[in-house]
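Novice: First the structure, then my questions, so here it is.
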Protein chains: 2
Amino acid sequence: MRIKVSFLGGLNEIGKNMTLFEFDNEMIILDVGFEFPSADLLGIDRVIPDITYALENKKKIKAIILSHGHADHIGGLRYFSKDLGYPPIYATALTIGIVKSELPSYVSKNLQFNEVTLPSSVKIGRMKIDFIRVTHSIPDGMATVFHTPYGNIFHSGDFKVDLTPIDGKPIDLQGIAHAGKEGTLLYLGDSTNADEPGFTASEKTVGLKLEDLIRAWSGRIIVATFSTNLHRVQQVFDIAEKVNRKVLVDGRSMMNTIQVAKELGYSSIPNHLLVKQQESQSIPDKKLIVLTTGTQGEPFSGLTKMAHNQHDVLKLKKGDKVIISADPIPGNEASVTKNINSLIRLGADVVYRTEGIHASGHGSREDLRLMMSLIKPTFFIPVHGEYRQMFAHCKIAHEVGVPEENTKICDNGASIELTKTTMKQVGRVPASPVYIDGRNIGDIGQSVINERKVLSREGVLNVVVIADIKKRVMTTSPLIETKGLISSDFSSDLYEKVTKGIQEIVKKWSTQNGKGSDLEIMIKGYLSGFFSSEVHRRPVIFVSVIES
Amino acid sequence: MRIKVSFLGGLNEIGKNMTLFEFDNEMIILDVGFEFPSADLLGIDRVIPDITYALENKKKIKAIILSHGHADHIGGLRYFSKDLGYPPIYATALTIGIVKSELPSYVSKNLQFNEVTLPSSVKIGRMKIDFIRVTHSIPDGMATVFHTPYGNIFHSGDFKVDLTPIDGKPIDLQGIAHAGKEGTLLYLGDSTNADEPGFTASEKTVGLKLEDLIRAWSGRIIVATFSTNLHRVQQVFDIAEKVNRKVLVDGRSMMNTIQVAKELGYSSIPNHLLVKQQESQSIPDKKLIVLTTGTQGEPFSGLTKMAHNQHDVLKLKKGDKVIISADPIPGNEASVTKNINSLIRLGADVVYRTEGIHASGHGSREDLRLMMSLIKPTFFIPVHGEYRQMFAHCKIAHEVGVPEENTKICDNGASIELTKTTMKQVGRVPASPVYIDGRNIGDIGQSVINERKVLSREGVLNVVVIADIKKRVMTTSPLIETKGLISSDFSSDLYEKVTKGIQEIVKKWSTQNGKGSDLEIMIKGYLSGFFSSEVHRRPVIFVSVIES
């Protein structure tokens, strides 16, 4: 059997996970994610993988497996399902529920969903595939095991080793050990927290801390967390029941996820705990918990609206306690901190970056060491992480006995071929990031981003000169407009200077034998020089010379 | 005596510290800083305080006191010294040395520097002022005590309580206690780490950790830190001496500061430890330490150049150890992490975010509690911090007995008046941030930044239509140019659509009785609508209609 693994996304980054597994003439896709753009991708809404290689092999595609319901694993479905020919989807019930609730119905109605229970085995094409439960910050995550003639290919999914998760369904260590014992050819493992020491705390520890905080407070409580963290959400409801408070669920995404989880039986939320916005006004502060999103300072989230006093209903005041039950995702620190400052300014007591109020969903060094030891792979490729994290994950592999030459840090686009005794990169497939801005996909590349970068720093200058080419004079004063270049208080002075400068240039040009297009170049050159030397700026410059 | 304190900068922010103290008709300025712009201030190079109020009172200005040599306390001198009439400067020798080395000589030659020794008292105008040593991440920092008829006004400067600093000059707790004992009317205290628990570690602990790391490594070592952290720099040299390694100082700012410190006797760096770039090539890796900057991922710093393999001389390789001896300043996380990934990719062993390799220069809760208890002020205003930090600092004041109504969180621009028994805000002075972009000061305001924001996300479209107004037709096809809007691969399609659309508009206009300017508005309206509905974008649009 010819085995090939190609990475379309998820390496050297946290986001847009998508891996293609080829077994002879069959292809199985594991995860189809998108990524939120980094701050330097100006104006970009989403980044998605380049699926060219999958499209070239469209006939071979047998299935899409979704390891869990986070956007960096399922968010690409919206863009790709149709082009990929709506392959059958394999995922757990919760993951399917979230996919359905997020996809427009014109996409989801064409998809065939195969619900996976854990543990279970399926046959997809010729391949036997096992799914094994792992624990993460969303319930119902799974590892995937491909049975090949040379041993198993084991993909961890996103995981931590949580032995006391809230849903009573711990990571299936026996199942993992069993798959390992069968003989693992290749292990692909989540590296997100590989450079964090120790074990990642169990979700349960967060509940204990939250309960302490909530019991000790006599005013209103606002808990912000990720809407998909159903464990955390469940714990807030459990605590509410214990301490006799009602819960107001705030924000569409939080309501949606809770709705899906309730319908599918993933949450046990008694109706008597839930209150609507109108009712909540008549409930004493000491009897209320507000559950909301916005831990990352997202502009339209509940917590951000509250912080900026723009929430329709919830106005913060002295006596409110806000618990931010999440860590800032790298890159979001500034907006998170801005929210914290604003919330405190409104009088709220804010609990942030405090030991115990959050636990990551990704395993730290010791989780990864344990997993690696249960699986004992011949070959190892770290996935789902930045370089530093994949590197740290490789070190862990070496420590527990995987030979250095059997581990490999790959880049997006790498195609790896495996035999019983070898693993090597056999080529590259297209895997550049594809940018989505507004409605269109792919009509914006790095050059447009670079133009935006210049515009963002320097602004733009537009000059239209109307010249009589025969008489070699300007017919009227040049039209000058700027955006992002200078305050209007100062612009008339500037326009005057520039107008004079252009007049000089026209005079110079009139003594030469040039064409109108020469004048355009001369004016552009003059303007670049003027701005660069006078004010040390390099705006984008449009010059149009119109013959009158 | 009429006592007024006005804050031009440094509140609700870390940066551009500048405070005006008025005692009847005399004004003393404490610190003149600038600020590096936050990421949303597109294209801005520096942010400085608005000194309008100081200029209005220019005749009253008696002196500028500089508490220490960091840019957020001295960086505004370059811009303001002349306008303020070159007031005499009071600062310690190191601070003066750094100011002189950084200011252009046409500024510094006009300044009169009064070197302050610690502790000491001076008379400035009618005021008796004491300077007391505090410890910080740069040597020779000081607190300032103004003796007023109603008690002392005590300004802490930036500080932590370091009892074992590297220069053997600990914070002068006796002096501080003495000033407190005299009776403190108002305490203005550094709040930066007020929301961090415990005491801030002594600088000495960092040296112990660095020494362990360096001793245990047999390859080349690169230590990155702030050039102004002369304690840290000294410790690297001390360790080099102990472990018998040479030190290559990399980068202009690091060389400058070391030069100033050596000249003024603030560093004891034996010449035999120093090697030049050329020599360093012939020194075995195990005998070399490179001391560089770039802990914040600054684009042109030594470490960033090494990370991107763009350093003239230093090429990183397996066997190199890089120690990043600083925390990322909020907002810099992404660029710091990018460097770390690149350094590891080059083969270096990178020590980052590791317990003990850095100690902050600002006091944590317990430092602040101790300081507050030594000073025991009647009134307290937290300075040098974001809202959350100033708020936490107020809490500390309350805990050690300052009544809540005697503490006040102020905004930049607040003017506070003090009597023996009262502290109240009496008005506001101009204190909006002033932006520097390129060479000019203040010709860019928030509206320009907002325009840049749109340009950065949406790009710009420039359309020039040449129309025969009498015949009511376009003379030629419209000229269309874009920047930051669409990739060139897709633009010809777009231009074609837009051209057709404009032709329709001209047709419509030709049947109406409008002027050329109406056509401009109609075309602009059409283009906005087209981009918004077709591709969900809202570029900046220039339309010029030229009559032919």
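In the structure tokens, each chain is lettered A, B, ... as it comes, each chain's residues begin at 1, and ligands are numbered from 1 in order of appearance.
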Residues at most 8 Å from Val540 of chain A, counting only C-alpha atoms, excluding those fewer than 3 positions away in the same chain, as a ChimeraX atom specification?
Specialist: /A:454-455,458-461
Novice: Using C-alpha atoms, can you export the residues from the last selection as a PDB file, in the first residue's frame?
Specialist:
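New file selection_25.pdb:
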ATOM      1  CA  VAL A 454       1.715  51.133   2.909  1.00  0.00           C
ATOM      2  CA  LEU A 455      -1.717  52.782   2.838  1.00  0.00           C
ATOM      3  CA  GLU A 458       1.363  56.573   4.861  1.00  0.00           C
ATOM      4  CA  GLY A 459      -2.066  57.307   3.392  1.00  0.00           C
ATOM      5  CA  VAL A 460      -2.819  58.217  -0.196  1.00  0.00           C
ATOM      6  CA  LEU A 461      -2.508  61.315  -2.354  1.00  0.00           C
TER       7      LEU A 461
END
Novice: Select, as an MDAnalysis selection string, those residues of chain B with any atom no more than 8 Å from chain A (distances computed using only C-alpha atoms).
Specialist: chainID B and resid 42:44 330:331 333:334 340:342 344:345 386:388 391 437:440 443:445 447:453 455:459 462 464 483:487 489:490 534:537 542 544 548
Novice: When you count only C-alpha atoms, which of these residues is closest to Gly76 of chain B: B:Ile436, B:Lys58, B:Asn25, B:Gly180?
Specialist: B:Ile436
Novice: Could you please determine the separation between atom CA of Ile239 of chain A and atom CA of Lys204 of chain A in Å, to one decimal place?
Specialist: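 Pair atom CA of Ile239 of chain A / atom CA of Lys204 of chain A returns 12.0 Å.
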Novice: May I have all residues of segment 119-156 of chain A that DSSP, computed from the backbone, assigns to strand (DSSP E or B), given as a PyMOL selection string?
Specialist: chain A and resi 120-124+127-135+141-148+151-155
Novice: Take the residues that were just selected and, keeping N, CA and C atoms, output them as an mmCIF file, in the first residue's frame.
Specialist:
data_model
loop_
_atom_site.group_PDB
_atom_site.id
_atom_site.type_symbol
_atom_site.label_atom_id
_atom_site.label_comp_id
_atom_site.auth_asym_id
_atom_site.auth_seq_id
_atom_site.Cartn_x
_atom_site.Cartn_y
_atom_site.Cartn_z
ATOM 1 N N SER A 120 -15.414 3.432 18.541
ATOM 2 C CA SER A 120 -16.031 2.644 17.472
ATOM 3 C C SER A 120 -15.055 2.464 16.329
ATOM 4 N N SER A 121 -15.400 1.533 15.466
ATOM 5 C CA SER A 121 -14.607 1.287 14.265
ATOM 6 C C SER A 121 -15.510 1.462 13.061
ATOM 7 N N VAL A 122 -14.986 2.030 12.015
ATOM 8 C CA VAL A 122 -15.753 2.102 10.771
ATOM 9 C C VAL A 122 -14.853 1.645 9.642
ATOM 10 N N LYS A 123 -15.487 1.343 8.543
ATOM 11 C CA LYS A 123 -14.756 1.040 7.326
ATOM 12 C C LYS A 123 -15.060 2.190 6.361
ATOM 13 N N ILE A 124 -14.039 2.862 5.931
ATOM 14 C CA ILE A 124 -14.223 3.910 4.929
ATOM 15 C C ILE A 124 -13.382 3.508 3.732
ATOM 16 N N MET A 127 -10.345 1.195 4.106
ATOM 17 C CA MET A 127 -9.643 1.406 5.363
ATOM 18 C C MET A 127 -10.502 1.133 6.586
ATOM 19 N N LYS A 128 -9.904 0.432 7.528
ATOM 20 C CA LYS A 128 -10.524 0.312 8.847
ATOM 21 C C LYS A 128 -10.023 1.486 9.700
ATOM 22 N N ILE A 129 -10.959 2.161 10.301
ATOM 23 C CA ILE A 129 -10.598 3.347 11.081
ATOM 24 C C ILE A 129 -11.255 3.275 12.451
ATOM 25 N N ASP A 130 -10.460 3.506 13.500
ATOM 26 C CA ASP A 130 -11.002 3.531 14.864
ATOM 27 C C ASP A 130 -11.087 4.967 15.357
ATOM 28 N N PHE A 131 -12.125 5.223 16.139
ATOM 29 C CA PHE A 131 -12.230 6.524 16.806
ATOM 30 C C PHE A 131 -12.185 6.290 18.314
ATOM 31 N N ILE A 132 -11.374 7.067 18.998
ATOM 32 C CA ILE A 132 -11.157 6.886 20.442
ATOM 33 C C ILE A 132 -11.377 8.222 21.137
ATOM 34 N N ARG A 133 -12.044 8.191 22.271
ATOM 35 C CA ARG A 133 -12.351 9.441 22.975
ATOM 36 C C ARG A 133 -11.085 10.107 23.530
ATOM 37 N N VAL A 134 -10.961 11.430 23.276
ATOM 38 C CA VAL A 134 -9.969 12.240 24.000
ATOM 39 C C VAL A 134 -10.711 13.391 24.671
ATOM 40 N N THR A 135 -10.070 14.011 25.649
ATOM 41 C CA THR A 135 -10.692 15.139 26.358
ATOM 42 C C THR A 135 -10.055 16.443 25.904
ATOM 43 N N GLY A 141 -14.520 15.116 21.727
ATOM 44 C CA GLY A 141 -13.378 15.099 20.821
ATOM 45 C C GLY A 141 -12.874 13.678 20.636
ATOM 46 N N MET A 142 -12.178 13.459 19.523
ATOM 47 C CA MET A 142 -11.725 12.088 19.287
ATOM 48 C C MET A 142 -10.373 12.039 18.596
ATOM 49 N N ALA A 143 -9.661 10.960 18.903
ATOM 50 C CA ALA A 143 -8.466 10.601 18.151
ATOM 51 C C ALA A 143 -8.903 9.655 17.034
ATOM 52 N N THR A 144 -8.106 9.638 15.967
ATOM 53 C CA THR A 144 -8.440 8.798 14.813
ATOM 54 C C THR A 144 -7.287 7.840 14.543
ATOM 55 N N VAL A 145 -7.621 6.560 14.354
ATOM 56 C CA VAL A 145 -6.582 5.559 14.101
ATOM 57 C C VAL A 145 -6.846 4.895 12.754
ATOM 58 N N PHE A 146 -5.915 5.061 11.828
ATOM 59 C CA PHE A 146 -6.013 4.413 10.521
ATOM 60 C C PHE A 146 -5.232 3.107 10.571
ATOM 61 N N HIS A 147 -5.890 2.003 10.265
ATOM 62 C CA HIS A 147 -5.193 0.713 10.263
ATOM 63 C C HIS A 147 -4.578 0.481 8.891
ATOM 64 N N THR A 148 -3.273 0.515 8.836
ATOM 65 C CA THR A 148 -2.590 0.253 7.562
ATOM 66 C C THR A 148 -1.833 -1.072 7.692
ATOM 67 N N GLY A 151 1.066 -0.927 10.132
ATOM 68 C CA GLY A 151 0.844 -0.464 11.499
ATOM 69 C C GLY A 151 -0.145 0.690 11.487
ATOM 70 N N ASN A 152 -0.453 1.185 12.673
ATOM 71 C CA ASN A 152 -1.471 2.239 12.786
ATOM 72 C C ASN A 152 -0.890 3.628 12.520
ATOM 73 N N ILE A 153 -1.736 4.466 11.929
ATOM 74 C CA ILE A 153 -1.458 5.904 11.946
ATOM 75 C C ILE A 153 -2.411 6.499 12.968
ATOM 76 N N PHE A 154 -1.836 7.096 13.974
ATOM 77 C CA PHE A 154 -2.625 7.583 15.112
ATOM 78 C C PHE A 154 -2.606 9.105 15.120
ATOM 79 N N HIS A 155 -3.761 9.723 14.952
ATOM 80 C CA HIS A 155 -3.877 11.191 15.017
ATOM 81 C C HIS A 155 -4.606 11.556 16.301
#
Novice: Considering only C-alpha atoms, return as a ChimeraX atom specification whatever protein or nucleic-acid residues lie within 12 Å of Gly15 of chain B, sequence-local ones (same chain, fewer than 4 positions apart) excluded.
Specialist: /B:8-11,31-38,46-49,70-76,158,190,192,329,383-386,412,433
Novice: Give the answer as one residue: which of B:Val402, B:Asn244, B:Asn513, B:Arg252 has the shortest atom-to-atom distance to Tyr187 of chain B, using only C-alpha atoms?
Specialist: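 Checking each of B:Val402, B:Asn244, B:Asn513, B:Arg252 against Tyr187 of chain B, counting only C-alpha atoms, the winner is B:Val402.
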Novice: Have a look at A:Ile64, A:Gly363, A:Gln234, A:Leu185 and name the one nearest to Lys262 of chain A; count only C-alpha atoms.
Specialist: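 Checking each candidate against Lys262 of chain A, we get A:Gln234 as the closest.
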Novice: Need to verify the contact set: segment 205-217 of chain A, 9 Å, only C-alpha atoms, exclusion of same-chain residues closer than 5 positions in sequence. Can you return it as a PyMOL selection string?
Specialist: chain A and resi 232+235-236+238-240+242-243+286+289+319-321+323+325+355-359
Novice: If we count only C-alpha atoms and set the cut-off at 6 Å, which residues sit around Arg472 of chain A, ignoring sequence neighbours fewer than 3 positions away in its own chain? Please answer as a PDB file with N, CA, C and O atoms, in the first residue's frame.
Specialist:
ATOM      1  N   ASP A 468      -3.048  71.421 -21.268  1.00  0.00           N
ATOM      2  CA  ASP A 468      -3.172  71.570 -22.712  1.00  0.00           C
ATOM      3  C   ASP A 468      -1.849  71.129 -23.304  1.00  0.00           C
ATOM      4  O   ASP A 468      -0.824  71.802 -23.157  1.00  0.00           O
ATOM      5  N   ILE A 469      -1.858  69.960 -23.916  1.00  0.00           N
ATOM      6  CA  ILE A 469      -0.593  69.356 -24.326  1.00  0.00           C
ATOM      7  C   ILE A 469       0.053  70.168 -25.445  1.00  0.00           C
ATOM      8  O   ILE A 469       1.270  70.283 -25.534  1.00  0.00           O
ATOM      9  N   SER A 510       7.344  71.935 -20.096  1.00  0.00           N
ATOM     10  CA  SER A 510       6.947  72.687 -21.290  1.00  0.00           C
ATOM     11  C   SER A 510       8.160  73.062 -22.129  1.00  0.00           C
ATOM     12  O   SER A 510       8.043  73.264 -23.323  1.00  0.00           O
TER      13      SER A 510
END
Novice: Just the residues within 6 Å of segment 82-96 of chain A, please, counting only C-alpha atoms, with nothing from its chain fewer than 6 positions along; format it as a list in words.
Specialist: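 My reading of the contact set: Ala63, Ile64, Ile65, Leu66, His68, Gly69, Leu111, Gln112, Phe113, Asn114, Glu115 and Val116 of chain A.
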Novice: Among segment 171-289 of chain A, which ones does DSSP place in helix (DSSP H, G or I), written as JSON, numbers by chain?
Specialist: {"A": [173, 174, 175, 176, 177, 178, 179, 180, 181, 182, 203, 204, 205, 206, 207, 208, 209, 210, 211, 212, 213, 214, 215, 230, 231, 232, 233, 234, 235, 236, 237, 238, 239, 240, 241, 242, 243, 252, 253, 254, 255, 256, 257, 258, 259, 260, 261, 262, 263, 271, 272, 273, 277, 278, 279, 280, 285, 286, 287]}
Novice: Restricting the calculation to only C-alpha atoms: of B:Gly183, B:Lys60, B:Lys109, B:Met1, which residue gets closest to Met27 of chain B?
Specialist: B:Lys60
